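Colleague: run-v6.cif is the file, holding mmCIF, C-alpha atoms and all ligand atoms:
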data_model
loop_
_atom_site.group_PDB
_atom_site.id
_atom_site.type_symbol
_atom_site.label_atom_id
_atom_site.label_comp_id
_atom_site.auth_asym_id
_atom_site.auth_seq_id
_atom_site.Cartn_x
_atom_site.Cartn_y
_atom_site.Cartn_z
ATOM 1 C CA MET M 272 -8.760 48.071 -6.921
ATOM 2 C CA ILE M 273 -7.991 48.477 -10.594
ATOM 3 C CA GLY M 274 -6.860 45.261 -12.254
ATOM 4 C CA ASP M 275 -8.517 42.881 -9.816
ATOM 5 C CA ASP M 276 -9.733 39.970 -11.953
ATOM 6 C CA SER M 277 -13.064 39.524 -10.215
ATOM 7 C CA LEU M 278 -13.855 43.209 -10.631
ATOM 8 C CA VAL M 279 -12.953 43.089 -14.296
ATOM 9 C CA ILE M 280 -15.190 40.055 -14.786
ATOM 10 C CA ARG M 281 -18.095 41.820 -13.076
ATOM 11 C CA CYS M 282 -17.433 44.871 -15.188
ATOM 12 C CA LEU M 283 -17.535 42.787 -18.361
ATOM 13 C CA ALA M 284 -20.745 41.187 -17.158
ATOM 14 C CA ILE M 285 -22.344 44.593 -16.843
ATOM 15 C CA GLU M 286 -21.130 45.573 -20.304
ATOM 16 C CA THR M 287 -22.678 42.383 -21.685
ATOM 17 C CA LEU M 288 -25.909 43.250 -19.904
ATOM 18 C CA THR M 289 -25.791 46.706 -21.480
ATOM 19 C CA ILE M 290 -25.405 45.159 -24.943
ATOM 20 C CA THR M 291 -28.382 42.941 -24.176
ATOM 21 C CA THR M 292 -30.495 45.889 -23.111
ATOM 22 C CA ASP M 293 -29.406 47.877 -26.151
ATOM 23 C CA ASN M 294 -30.998 45.115 -28.179
ATOM 24 C CA HIS M 295 -34.252 45.837 -26.361
ATOM 25 C CA LEU M 296 -34.278 42.392 -24.772
ATOM 26 C CA MET M 297 -34.421 43.963 -21.341
ATOM 27 C CA SER M 298 -35.327 47.454 -20.175
ATOM 28 C CA ARG M 299 -34.218 49.369 -17.118
ATOM 29 C CA PRO M 300 -35.331 48.303 -13.641
ATOM 30 C CA PRO M 301 -36.721 50.944 -11.240
ATOM 31 C CA LEU M 302 -33.971 53.411 -10.378
ATOM 32 C CA LEU M 303 -33.795 52.658 -6.652
ATOM 33 C CA GLU M 304 -33.696 48.921 -7.343
ATOM 34 C CA ALA M 305 -30.767 49.371 -9.743
ATOM 35 C CA LEU M 306 -29.014 51.584 -7.218
ATOM 36 C CA SER M 307 -29.203 48.914 -4.544
ATOM 37 C CA SER M 308 -27.057 46.633 -6.697
ATOM 38 C CA ARG M 309 -24.556 49.001 -8.290
ATOM 39 C CA ALA M 310 -23.265 52.556 -8.337
ATOM 40 C CA LEU M 311 -24.646 54.702 -11.159
ATOM 41 C CA VAL M 312 -23.300 57.521 -13.266
ATOM 42 C CA CYS M 313 -25.245 60.707 -13.898
ATOM 43 C CA ASP M 314 -24.381 63.166 -16.676
ATOM 44 C CA GLY M 315 -22.511 66.481 -16.686
ATOM 45 C CA ALA M 316 -23.151 70.065 -17.677
ATOM 46 C CA MET M 317 -25.828 70.901 -20.268
ATOM 47 C CA GLY M 318 -25.516 74.693 -20.536
ATOM 48 C CA THR M 319 -21.947 74.801 -21.807
ATOM 49 C CA GLN M 320 -22.753 72.130 -24.379
ATOM 50 C CA LEU M 321 -25.655 74.208 -25.702
ATOM 51 C CA LEU M 322 -23.464 77.320 -25.784
ATOM 52 C CA ALA M 323 -20.992 75.340 -27.892
ATOM 53 C CA ARG M 324 -23.863 74.576 -30.282
ATOM 54 C CA GLY M 325 -24.795 78.224 -30.653
ATOM 55 C CA LEU M 326 -26.970 79.163 -27.671
ATOM 56 C CA THR M 327 -26.405 82.845 -26.917
ATOM 57 C CA SER M 328 -26.224 84.180 -23.374
ATOM 58 C CA GLY M 329 -29.585 85.611 -22.390
ATOM 59 C CA GLU M 330 -31.411 83.260 -24.745
ATOM 60 C CA CYS M 331 -33.818 80.801 -23.088
ATOM 61 C CA GLY M 332 -32.165 77.385 -23.453
ATOM 62 C CA MET M 333 -35.447 75.657 -22.722
ATOM 63 C CA LEU M 334 -36.884 76.851 -26.038
ATOM 64 C CA TRP M 335 -34.344 74.577 -27.706
ATOM 65 C CA ASN M 336 -36.345 71.588 -26.450
ATOM 66 C CA LEU M 337 -38.976 72.650 -28.986
ATOM 67 C CA ASN M 338 -37.038 74.557 -31.632
ATOM 68 C CA ARG M 339 -33.766 72.631 -31.757
ATOM 69 C CA PRO M 340 -34.494 69.225 -30.178
ATOM 70 C CA ASP M 341 -31.766 67.520 -32.223
ATOM 71 C CA ASP M 342 -29.115 69.756 -30.635
ATOM 72 C CA VAL M 343 -30.399 69.065 -27.107
ATOM 73 C CA GLY M 344 -30.706 65.376 -27.939
ATOM 74 C CA SER M 345 -27.131 65.265 -29.229
ATOM 75 C CA VAL M 346 -25.884 66.461 -25.815
ATOM 76 C CA HIS M 347 -27.894 63.737 -24.080
ATOM 77 C CA GLN M 348 -26.610 61.152 -26.554
ATOM 78 C CA ALA M 349 -23.004 62.232 -25.997
ATOM 79 C CA TYR M 350 -23.452 61.643 -22.268
ATOM 80 C CA ARG M 351 -25.123 58.276 -22.854
ATOM 81 C CA ALA M 352 -22.247 57.286 -25.157
ATOM 82 C CA ALA M 353 -19.855 58.359 -22.384
ATOM 83 C CA GLY M 354 -21.421 55.730 -20.126
ATOM 84 C CA CYS M 355 -23.878 57.868 -18.158
ATOM 85 C CA ASP M 356 -26.775 55.808 -16.807
ATOM 86 C CA LEU M 357 -28.834 58.869 -15.919
ATOM 87 C CA ILE M 358 -29.430 61.874 -18.111
ATOM 88 C CA THR M 359 -30.898 65.153 -16.926
ATOM 89 C CA THR M 360 -33.594 67.022 -18.816
ATOM 90 C CA ASN M 361 -32.863 70.491 -20.171
ATOM 91 C CA SER M 362 -35.298 72.144 -17.774
ATOM 92 C CA PHE M 363 -33.201 73.727 -15.014
ATOM 93 C CA GLY M 364 -35.040 77.054 -15.359
ATOM 94 C CA GLY M 365 -38.397 75.474 -16.099
ATOM 95 C CA SER M 366 -40.576 76.838 -13.301
ATOM 96 C CA ARG M 367 -42.900 79.713 -14.121
ATOM 97 C CA PHE M 368 -40.871 81.968 -11.824
ATOM 98 C CA VAL M 369 -37.805 81.608 -14.060
ATOM 99 C CA LEU M 370 -39.618 81.347 -17.390
ATOM 100 C CA GLU M 371 -41.426 84.622 -16.761
ATOM 101 C CA HIS M 372 -38.051 86.396 -17.139
ATOM 102 C CA HIS M 373 -38.284 85.277 -20.788
ATOM 103 C CA SER M 374 -42.033 86.039 -20.995
ATOM 104 C CA LEU M 375 -42.624 82.285 -21.251
ATOM 105 C CA ALA M 376 -44.472 81.675 -17.973
ATOM 106 C CA GLY M 377 -47.531 80.494 -19.893
ATOM 107 C CA ARG M 378 -45.565 77.696 -21.568
ATOM 108 C CA VAL M 379 -44.376 75.724 -18.513
ATOM 109 C CA ALA M 380 -46.195 72.510 -19.468
ATOM 110 C CA GLU M 381 -45.198 72.605 -23.132
ATOM 111 C CA LEU M 382 -41.504 73.339 -22.541
ATOM 112 C CA ASN M 383 -41.018 70.857 -19.701
ATOM 113 C CA ARG M 384 -42.879 68.071 -21.479
ATOM 114 C CA ALA M 385 -40.683 68.643 -24.539
ATOM 115 C CA ALA M 386 -37.549 68.579 -22.371
ATOM 116 C CA ALA M 387 -38.492 65.179 -20.982
ATOM 117 C CA GLN M 388 -39.478 63.808 -24.387
ATOM 118 C CA VAL M 389 -36.130 64.798 -25.914
ATOM 119 C CA ALA M 390 -34.253 63.193 -23.028
ATOM 120 C CA ARG M 391 -36.457 60.080 -23.065
ATOM 121 C CA ALA M 392 -35.742 59.541 -26.759
ATOM 122 C CA ALA M 393 -31.988 59.880 -26.177
ATOM 123 C CA ALA M 394 -31.866 57.739 -23.034
ATOM 124 C CA GLY M 395 -32.917 54.511 -24.710
ATOM 125 C CA ASP M 396 -34.599 51.661 -22.884
ATOM 126 C CA ASN M 397 -31.868 51.203 -20.300
ATOM 127 C CA GLY M 398 -31.097 54.814 -19.400
ATOM 128 C CA TRP M 399 -33.005 56.757 -16.749
ATOM 129 C CA VAL M 400 -34.301 60.277 -17.305
ATOM 130 C CA LEU M 401 -34.102 62.736 -14.421
ATOM 131 C CA GLY M 402 -36.649 65.541 -14.693
ATOM 132 C CA ASP M 403 -34.608 68.574 -13.724
ATOM 133 C CA VAL M 404 -35.955 71.258 -11.370
ATOM 134 C CA GLY M 405 -33.620 74.139 -10.528
ATOM 135 C CA PRO M 406 -34.062 76.942 -7.992
ATOM 136 C CA PHE M 407 -36.917 79.386 -8.577
ATOM 137 C CA GLY M 408 -34.445 82.249 -8.343
ATOM 138 C CA ASP M 409 -35.733 84.162 -5.340
ATOM 139 C CA PHE M 410 -36.246 83.727 -1.609
ATOM 140 C CA LEU M 411 -39.197 82.146 0.123
ATOM 141 C CA GLU M 412 -41.066 84.008 2.855
ATOM 142 C CA PRO M 413 -40.134 85.525 5.257
ATOM 143 C CA VAL M 414 -36.911 86.658 3.503
ATOM 144 C CA GLY M 415 -38.704 87.010 0.166
ATOM 145 C CA GLU M 416 -42.321 87.419 -0.857
ATOM 146 C CA VAL M 417 -43.062 84.016 -2.414
ATOM 147 C CA THR M 418 -45.061 81.643 -0.220
ATOM 148 C CA ALA M 419 -44.343 77.933 0.017
ATOM 149 C CA ASP M 420 -47.838 77.285 -1.386
ATOM 150 C CA ASP M 421 -47.121 79.400 -4.485
ATOM 151 C CA LEU M 422 -43.785 77.718 -5.058
ATOM 152 C CA ARG M 423 -45.242 74.225 -4.521
ATOM 153 C CA ALA M 424 -47.895 74.961 -7.152
ATOM 154 C CA ALA M 425 -45.265 76.209 -9.603
ATOM 155 C CA PHE M 426 -42.985 73.207 -9.062
ATOM 156 C CA ARG M 427 -46.005 70.913 -9.318
ATOM 157 C CA ASP M 428 -46.878 72.287 -12.775
ATOM 158 C CA GLN M 429 -43.285 71.816 -13.927
ATOM 159 C CA ILE M 430 -42.913 68.321 -12.486
ATOM 160 C CA ALA M 431 -46.270 67.107 -13.824
ATOM 161 C CA ALA M 432 -45.098 68.041 -17.330
ATOM 162 C CA LEU M 433 -41.708 66.373 -16.843
ATOM 163 C CA ILE M 434 -43.432 63.159 -15.759
ATOM 164 C CA ALA M 435 -45.886 63.395 -18.662
ATOM 165 C CA GLY M 436 -42.895 63.632 -21.007
ATOM 166 C CA GLY M 437 -41.320 60.477 -19.631
ATOM 167 C CA ALA M 438 -39.120 61.364 -16.627
ATOM 168 C CA ASP M 439 -38.246 58.343 -14.436
ATOM 169 C CA ALA M 440 -37.278 60.455 -11.425
ATOM 170 C CA ILE M 441 -37.208 64.098 -10.354
ATOM 171 C CA LEU M 442 -33.968 65.947 -9.609
ATOM 172 C CA VAL M 443 -34.399 69.023 -7.387
ATOM 173 C CA GLU M 444 -30.960 70.510 -7.814
ATOM 174 C CA THR M 445 -28.519 73.281 -6.922
ATOM 175 C CA MET M 446 -30.553 74.085 -3.819
ATOM 176 C CA SER M 447 -29.336 76.638 -1.273
ATOM 177 C CA ASP M 448 -32.451 76.799 0.894
ATOM 178 C CA PRO M 449 -33.487 73.442 2.413
ATOM 179 C CA ALA M 450 -37.052 74.769 2.687
ATOM 180 C CA GLU M 451 -37.129 75.210 -1.105
ATOM 181 C CA ALA M 452 -35.741 71.686 -1.541
ATOM 182 C CA ALA M 453 -38.468 70.324 0.753
ATOM 183 C CA VAL M 454 -41.151 72.151 -1.264
ATOM 184 C CA GLY M 455 -39.707 70.546 -4.415
ATOM 185 C CA VAL M 456 -40.013 67.077 -2.867
ATOM 186 C CA GLU M 457 -43.582 67.796 -1.759
ATOM 187 C CA ALA M 458 -44.502 68.986 -5.251
ATOM 188 C CA ALA M 459 -43.107 65.793 -6.797
ATOM 189 C CA ARG M 460 -45.092 63.677 -4.328
ATOM 190 C CA LEU M 461 -48.290 65.527 -5.251
ATOM 191 C CA CYS M 462 -47.697 64.527 -8.878
ATOM 192 C CA ASP M 463 -46.690 60.924 -8.242
ATOM 193 C CA LYS M 464 -46.478 59.370 -4.764
ATOM 194 C CA ALA M 465 -43.946 56.756 -5.844
ATOM 195 C CA ILE M 466 -41.587 58.586 -8.201
ATOM 196 C CA PRO M 467 -37.991 58.694 -6.909
ATOM 197 C CA VAL M 468 -36.967 62.208 -5.875
ATOM 198 C CA ILE M 469 -33.353 63.350 -5.706
ATOM 199 C CA VAL M 470 -32.243 66.529 -3.912
ATOM 200 C CA THR M 471 -28.828 68.090 -4.472
ATOM 201 C CA TYR M 472 -27.500 71.169 -2.704
ATOM 202 C CA ALA M 473 -24.832 73.671 -3.721
ATOM 203 C CA PHE M 474 -22.337 74.110 -0.883
ATOM 204 C CA GLN M 475 -19.449 76.422 -0.211
ATOM 205 C CA LYS M 476 -16.554 75.898 2.162
ATOM 206 C CA THR M 477 -17.007 78.162 5.170
ATOM 207 C CA ALA M 478 -14.140 76.906 7.351
ATOM 208 C CA PRO M 479 -11.647 74.033 7.159
ATOM 209 C CA GLY M 480 -13.796 70.901 6.999
ATOM 210 C CA GLU M 481 -17.052 72.879 7.114
ATOM 211 C CA PHE M 482 -19.495 73.218 4.221
ATOM 212 C CA ARG M 483 -22.668 75.287 4.208
ATOM 213 C CA THR M 484 -25.220 76.317 1.602
ATOM 214 C CA MET M 485 -25.534 80.002 0.730
ATOM 215 C CA MET M 486 -28.350 80.135 3.292
ATOM 216 C CA GLY M 487 -25.929 78.958 5.992
ATOM 217 C CA THR M 488 -27.197 75.379 6.349
ATOM 218 C CA THR M 489 -24.559 72.758 7.189
ATOM 219 C CA ALA M 490 -24.161 69.604 5.118
ATOM 220 C CA ALA M 491 -25.557 67.504 7.976
ATOM 221 C CA ASP M 492 -28.646 69.689 8.458
ATOM 222 C CA ALA M 493 -29.280 69.971 4.709
ATOM 223 C CA MET M 494 -29.168 66.181 4.440
ATOM 224 C CA LYS M 495 -31.551 65.708 7.380
ATOM 225 C CA ILE M 496 -34.105 68.195 6.060
ATOM 226 C CA ALA M 497 -34.193 66.584 2.600
ATOM 227 C CA VAL M 498 -34.485 63.067 4.044
ATOM 228 C CA ASN M 499 -37.246 64.157 6.422
ATOM 229 C CA ALA M 500 -39.075 65.768 3.490
ATOM 230 C CA GLY M 501 -39.096 62.359 1.815
ATOM 231 C CA ALA M 502 -36.247 62.595 -0.715
ATOM 232 C CA ASP M 503 -34.993 59.170 -1.843
ATOM 233 C CA ILE M 504 -31.478 60.244 -2.799
ATOM 234 C CA VAL M 505 -29.653 63.319 -1.447
ATOM 235 C CA GLY M 506 -26.320 64.966 -2.082
ATOM 236 C CA ALA M 507 -24.403 67.833 -3.619
ATOM 237 C CA ASN M 508 -23.787 69.361 -7.004
ATOM 238 C CA CYS M 509 -22.107 72.503 -8.251
ATOM 239 C CA GLY M 510 -20.824 74.474 -5.258
ATOM 240 C CA THR M 511 -18.817 77.655 -4.991
ATOM 241 C CA GLY M 512 -15.050 77.523 -5.199
ATOM 242 C CA LEU M 513 -14.728 73.920 -4.085
ATOM 243 C CA SER M 514 -11.646 71.933 -5.081
ATOM 244 C CA LEU M 515 -11.999 68.304 -6.098
ATOM 245 C CA GLU M 516 -10.576 67.343 -2.690
ATOM 246 C CA ASP M 517 -13.266 69.472 -1.034
ATOM 247 C CA TYR M 518 -15.997 67.502 -2.812
ATOM 248 C CA VAL M 519 -14.543 64.269 -1.419
ATOM 249 C CA GLU M 520 -14.495 65.708 2.120
ATOM 250 C CA LEU M 521 -18.043 66.996 1.650
ATOM 251 C CA ALA M 522 -19.117 63.562 0.385
ATOM 252 C CA LYS M 523 -17.809 61.929 3.576
ATOM 253 C CA GLN M 524 -19.879 64.330 5.686
ATOM 254 C CA LEU M 525 -23.006 63.684 3.621
ATOM 255 C CA VAL M 526 -22.578 59.903 3.776
ATOM 256 C CA ALA M 527 -22.019 60.105 7.553
ATOM 257 C CA THR M 528 -25.467 61.669 8.084
ATOM 258 C CA ALA M 529 -27.359 59.953 5.232
ATOM 259 C CA GLY M 530 -28.168 56.706 7.036
ATOM 260 C CA LYS M 531 -29.661 54.360 4.445
ATOM 261 C CA THR M 532 -30.353 57.176 1.970
ATOM 262 C CA PRO M 533 -28.102 56.863 -1.116
ATOM 263 C CA VAL M 534 -25.828 59.862 -1.679
ATOM 264 C CA ILE M 535 -25.197 61.583 -5.023
ATOM 265 C CA VAL M 536 -22.284 63.959 -5.697
ATOM 266 C CA GLN M 537 -21.797 65.913 -8.926
ATOM 267 C CA PRO M 538 -18.661 68.067 -8.683
ATOM 268 C CA ASN M 539 -17.802 70.931 -10.966
ATOM 269 C CA GLY M 540 -14.761 70.436 -13.204
ATOM 270 C CA GLY M 541 -12.501 71.691 -10.433
ATOM 271 C CA SER M 542 -12.420 75.118 -8.792
ATOM 272 C CA PRO M 543 -12.990 77.730 -11.515
ATOM 273 C CA ARG M 544 -10.820 80.714 -12.392
ATOM 274 C CA THR M 545 -11.667 83.748 -14.465
ATOM 275 C CA GLU M 546 -9.656 84.576 -17.575
ATOM 276 C CA ASN M 547 -10.597 87.463 -19.895
ATOM 277 C CA GLY M 548 -14.054 87.526 -18.327
ATOM 278 C CA GLN M 549 -14.559 83.809 -18.982
ATOM 279 C CA THR M 550 -14.982 81.157 -16.306
ATOM 280 C CA ILE M 551 -12.469 78.362 -16.856
ATOM 281 C CA TYR M 552 -12.634 74.910 -15.263
ATOM 282 C CA ASP M 553 -9.268 73.180 -15.445
ATOM 283 C CA ALA M 554 -9.839 69.647 -14.155
ATOM 284 C CA THR M 555 -8.782 66.978 -16.641
ATOM 285 C CA PRO M 556 -10.766 63.811 -17.316
ATOM 286 C CA GLY M 557 -8.046 61.874 -15.474
ATOM 287 C CA GLN M 558 -8.398 64.066 -12.378
ATOM 288 C CA MET M 559 -12.177 63.660 -12.465
ATOM 289 C CA ALA M 560 -11.735 59.881 -12.701
ATOM 290 C CA ILE M 561 -9.593 59.888 -9.566
ATOM 291 C CA THR M 562 -12.212 62.017 -7.809
ATOM 292 C CA ALA M 563 -14.891 59.578 -8.930
ATOM 293 C CA GLN M 564 -12.955 56.707 -7.352
ATOM 294 C CA GLN M 565 -12.549 58.675 -4.124
ATOM 295 C CA LEU M 566 -16.242 59.561 -4.023
ATOM 296 C CA LEU M 567 -17.183 55.908 -4.454
ATOM 297 C CA SER M 568 -14.745 54.893 -1.716
ATOM 298 C CA ALA M 569 -16.429 57.482 0.526
ATOM 299 C CA GLY M 570 -19.746 55.678 -0.015
ATOM 300 C CA VAL M 571 -21.323 57.809 -2.756
ATOM 301 C CA ARG M 572 -23.755 55.800 -4.931
ATOM 302 C CA ILE M 573 -24.327 58.181 -7.849
ATOM 303 C CA ILE M 574 -21.552 60.281 -9.325
ATOM 304 C CA GLY M 575 -21.811 62.828 -12.095
ATOM 305 C CA GLY M 576 -20.577 66.269 -13.059
ATOM 306 C CA CYS M 577 -21.726 69.862 -12.912
ATOM 307 C CA CYS M 578 -20.367 73.130 -14.331
ATOM 308 C CA GLY M 579 -17.325 72.694 -16.566
ATOM 309 C CA THR M 580 -17.713 68.950 -17.041
ATOM 310 C CA THR M 581 -18.034 67.451 -20.510
ATOM 311 C CA PRO M 582 -18.783 64.035 -22.020
ATOM 312 C CA GLU M 583 -14.986 63.440 -21.977
ATOM 313 C CA HIS M 584 -14.882 63.962 -18.202
ATOM 314 C CA LEU M 585 -17.912 61.736 -17.702
ATOM 315 C CA ALA M 586 -16.429 58.975 -19.883
ATOM 316 C CA ALA M 587 -13.373 58.884 -17.614
ATOM 317 C CA MET M 588 -15.548 58.922 -14.483
ATOM 318 C CA SER M 589 -17.762 56.187 -15.877
ATOM 319 C CA ARG M 590 -14.762 53.920 -16.453
ATOM 320 C CA ALA M 591 -13.718 54.598 -12.849
ATOM 321 C CA VAL M 592 -17.129 53.383 -11.640
ATOM 322 C CA CYS M 593 -16.836 50.266 -13.764
ATOM 323 C CA VAL M 594 -13.592 49.156 -12.173
ATOM 324 C CA ARG M 595 -14.972 49.937 -8.721
ATOM 325 C CA ILE M 596 -18.196 47.907 -8.930
HETATM 326 ZN ZN ZN M 601 -22.924 73.660 -11.642
#
Written as structure tokens, that's how I'd like the structure from this file.
Modeller:
Amino acid sequence: MIGDDSLVIRCLAIETLTITTDNHLMSRPPLLEALSSRALVCDGAMGTQLLARGLTSGECGMLWNLNRPDDVGSVHQAYRAAGCDLITTNSFGGSRFVLEHHSLAGRVAELNRAAAQVARAAAGDNGWVLGDVGPFGDFLEPVGEVTADDLRAAFRDQIAALIAGGADAILVETMSDPAEAAVGVEAARLCDKAIPVIVTYAFQKTAPGEFRTMMGTTAADAMKIAVNAGADIVGANCGTGLSLEDYVELAKQLVATAGKTPVIVQPNGGSPRTENGQTIYDATPGQMAITAQQLLSAGVRIIGGCCGTTPEHLAAMSRAVCVRI
């Protein structure tokens, strides 16, 4: 409840702690330990922020980790200044399967390590870096031709470099195929048995109150598969055509099947519309803050944003977490 004195006092206590840690008197605890005592805020979209800084469509944004690290770092810093506890490396398309579209498949280690180093420098001592792993962009066997072994090896190369660059946890995100998500978790475990692994799926609404991934997997089944694969935190990001209310309903379904596994939800900035060939996300920071409150009430432990969200949205959501703690 906003305005409750005890909540405000706790909120101030956390701000004081943050000031203390900014002075390097204390650094971040392990992510899962922190999560057991308070809700955390992840960041928002990276791509649109890079486009605003001059990235052209078709250009490989991952090259900016090497060629324009200050621009990538400024996006991370804007999210940290907005109150985000977790920042996500600029490595969504960092597997060799995606990089080979840019003839960069031979530079997986270099580009992912740089992505993590840029994020690590921006995160400071008390911010966590999530090493980002996006979909490999095709289908696994038997629908496609890529074997689970091939994909696991590719993800392993990417994740090893993210960890070498300073990632605190691995985020396997925007997954449609639970089998691909499970391979991502396995690859992370091969690199580091103990590193926290987060899985987020992209859902669409297939009927009133029903959400499925593009591969047809329900929210409950997607959750179970990720948990059984060994993911530490599971949830949803992105999604197709979901309203902010849909994300809250989806969150309730995820929490209901998560058991003790913490749930993360990173909504888009509302349901998008197309105007003059451009995708527009209309949600205001205030609307995102209300959604953040509703997600927390539903039992979500990490909130953040996806497509269309900006540091302004995340600042409003972060304040909503503060008054909820
Ligand atoms: Zn998205």
Colleague: Throw together the list of residues within 7 Å of ligand ZN 601 (chain M), counting all atoms listed in the file, and drop it here as a VMD selection string.
Modeller: chain M and resid 508 to 510 539 577 to 578
Colleague: With distances taken over all atoms listed in the file, which residue among M:Met588, M:Ala493, M:Met485, M:Ile551 lies nearest M:Gln564?
Modeller: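 Under the stated criterion, the closest residue is M:Met588.
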Colleague: Using all atoms of stretch 333-349 of chain M that appear in the file, construct an axis-aligned enclosing box with 8 Å of padding on every side and provide its centre coordinates and edge lengths in Å, rounded to one decimal, as lines of an AutoDock Vina configuration file.
Modeller:
center_x = -31.0
center_y = 69.0
center_z = -27.5
size_x = 32.0
size_y = 31.7
size_z = 25.5
Colleague: Using all atoms listed in the file, can you tell me which of M:Gly315, M:Pro300, M:Gly506, M:Gly512 comes closest to M:Arg572?
Modeller: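 Among M:Gly315, M:Pro300, M:Gly506, M:Gly512, it is M:Gly506 that comes nearest to M:Arg572.
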Colleague: For a test of reading the model, state the distance in Å between atom CA of M:Val389 and atom CA of M:Ser345, rounded to one decimal.
Modeller: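 Atom CA of M:Val389 sits 9.6 Å away from atom CA of M:Ser345.
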Colleague: Find the residues near M:Arg339: any atom within 12 Å, counting all atoms listed in the file, skip ones fewer than 3 places away on the same chain, and give them as a PDB file with C-alpha atoms, in the frame of the given file.
Modeller:
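Printed below is around_9.pdb as written:
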ATOM      1  CA  LEU M 321     -25.655  74.208 -25.702  1.00  0.00           C
ATOM      2  CA  ARG M 324     -23.863  74.576 -30.282  1.00  0.00           C
ATOM      3  CA  GLY M 325     -24.795  78.224 -30.653  1.00  0.00           C
ATOM      4  CA  LEU M 326     -26.970  79.163 -27.671  1.00  0.00           C
ATOM      5  CA  CYS M 331     -33.818  80.801 -23.088  1.00  0.00           C
ATOM      6  CA  GLY M 332     -32.165  77.385 -23.453  1.00  0.00           C
ATOM      7  CA  MET M 333     -35.447  75.657 -22.722  1.00  0.00           C
ATOM      8  CA  LEU M 334     -36.884  76.851 -26.038  1.00  0.00           C
ATOM      9  CA  TRP M 335     -34.344  74.577 -27.706  1.00  0.00           C
ATOM     10  CA  ASN M 336     -36.345  71.588 -26.450  1.00  0.00           C
ATOM     11  CA  ASP M 342     -29.115  69.756 -30.635  1.00  0.00           C
ATOM     12  CA  VAL M 343     -30.399  69.065 -27.107  1.00  0.00           C
ATOM     13  CA  GLY M 344     -30.706  65.376 -27.939  1.00  0.00           C
ATOM     14  CA  SER M 345     -27.131  65.265 -29.229  1.00  0.00           C
ATOM     15  CA  VAL M 346     -25.884  66.461 -25.815  1.00  0.00           C
ATOM     16  CA  ASN M 361     -32.863  70.491 -20.171  1.00  0.00           C
ATOM     17  CA  ALA M 385     -40.683  68.643 -24.539  1.00  0.00           C
ATOM     18  CA  ALA M 386     -37.549  68.579 -22.371  1.00  0.00           C
ATOM     19  CA  VAL M 389     -36.130  64.798 -25.914  1.00  0.00           C
TER      20      VAL M 389
END
Colleague: Could you list the residues chosen by the PyMOL selection byres (((chain M and resi 559) around 12) and not hetatm) in this structure as an NGL selection string?
Modeller: :M and (315 or 514-516 or 518-519 or 537-541 or 552-558 or 560-566 or 574-577 or 579-592)
Colleague: Decode the PyMOL selection byres (((chain M and resi 570) around 8) and not hetatm) for the given file into explicit residues and return them as a list in words.
Modeller: Ala522, Lys523, Val526, Val534, Leu566, Leu567, Ser568, Ala569, Val571 and Arg572 of chain M
Colleague: Under the rule that only C-alpha atoms are counted, which of M:Val470, M:Ala392, M:Ala316, M:Ala459 is the nearest residue to M:Ile496?
Modeller: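 Closest to M:Ile496, using only C-alpha atoms: M:Val470.
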Colleague: Evaluated on this file, the PyMOL selection byres (((chain M and resi 404-414) around 8) and not hetatm) picks out some residues - which ones are they, written as a list in words?
Modeller: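 Answer for the PyMOL selection byres (((chain M and resi 404-414) around 8) and not hetatm): Ser362, Phe363, Gly364, Gly365, Ser366, Phe368, Val369, Gly402, Asp403, Gly415, Glu416, Val417, Thr418, Ala419, Leu422, Phe426, Gln429, Ile430, Ile441, Leu442, Val443, Glu444, Thr445, Met446, Glu451 and Gly455 of chain M.
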Colleague: Please indicate the distance in Å from atom CA of M:Arg299 to atom CA of M:Thr532, rounded to one decimal place.
Modeller: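 So the answer is 21.0 Å.
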Colleague: Could you name the residues that touch M:Ala490 at 8 Å or less, counting only C-alpha atoms, but leaving out those on the same chain fewer than 3 positions away, as a PyMOL selection string?
Modeller: chain M and resi 474+482-484+493-494+521+524-525
Colleague: Since the input is missing atoms, can you rebuild N, CA and C atoms for stretch 349-356 of chain M and write them as a PDB file, keeping the file's coordinate frame?
Modeller:
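File written: selection.pdb
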ATOM      1  N   ALA M 349     -24.447  62.232 -26.287  1.00  0.00           N
ATOM      2  CA  ALA M 349     -23.004  62.232 -25.997  1.00  0.00           C
ATOM      3  C   ALA M 349     -22.752  61.730 -24.577  1.00  0.00           C
ATOM      4  N   TYR M 350     -23.620  62.128 -23.646  1.00  0.00           N
ATOM      5  CA  TYR M 350     -23.452  61.643 -22.268  1.00  0.00           C
ATOM      6  C   TYR M 350     -23.798  60.153 -22.155  1.00  0.00           C
ATOM      7  N   ARG M 351     -24.807  59.717 -22.875  1.00  0.00           N
ATOM      8  CA  ARG M 351     -25.123  58.276 -22.854  1.00  0.00           C
ATOM      9  C   ARG M 351     -23.951  57.480 -23.431  1.00  0.00           C
ATOM     10  N   ALA M 352     -23.382  57.984 -24.537  1.00  0.00           N
ATOM     11  CA  ALA M 352     -22.247  57.286 -25.157  1.00  0.00           C
ATOM     12  C   ALA M 352     -21.035  57.289 -24.225  1.00  0.00           C
ATOM     13  N   ALA M 353     -20.966  58.282 -23.342  1.00  0.00           N
ATOM     14  CA  ALA M 353     -19.855  58.359 -22.384  1.00  0.00           C
ATOM     15  C   ALA M 353     -20.051  57.376 -21.225  1.00  0.00           C
ATOM     16  N   GLY M 354     -21.188  56.714 -21.182  1.00  0.00           N
ATOM     17  CA  GLY M 354     -21.421  55.730 -20.126  1.00  0.00           C
ATOM     18  C   GLY M 354     -22.326  56.211 -19.019  1.00  0.00           C
ATOM     19  N   CYS M 355     -22.983  57.356 -19.205  1.00  0.00           N
ATOM     20  CA  CYS M 355     -23.878  57.868 -18.158  1.00  0.00           C
ATOM     21  C   CYS M 355     -25.175  57.060 -18.155  1.00  0.00           C
ATOM     22  N   ASP M 356     -25.529  56.577 -16.970  1.00  0.00           N
ATOM     23  CA  ASP M 356     -26.775  55.808 -16.807  1.00  0.00           C
ATOM     24  C   ASP M 356     -27.978  56.726 -16.733  1.00  0.00           C
TER      25      ASP M 356
END
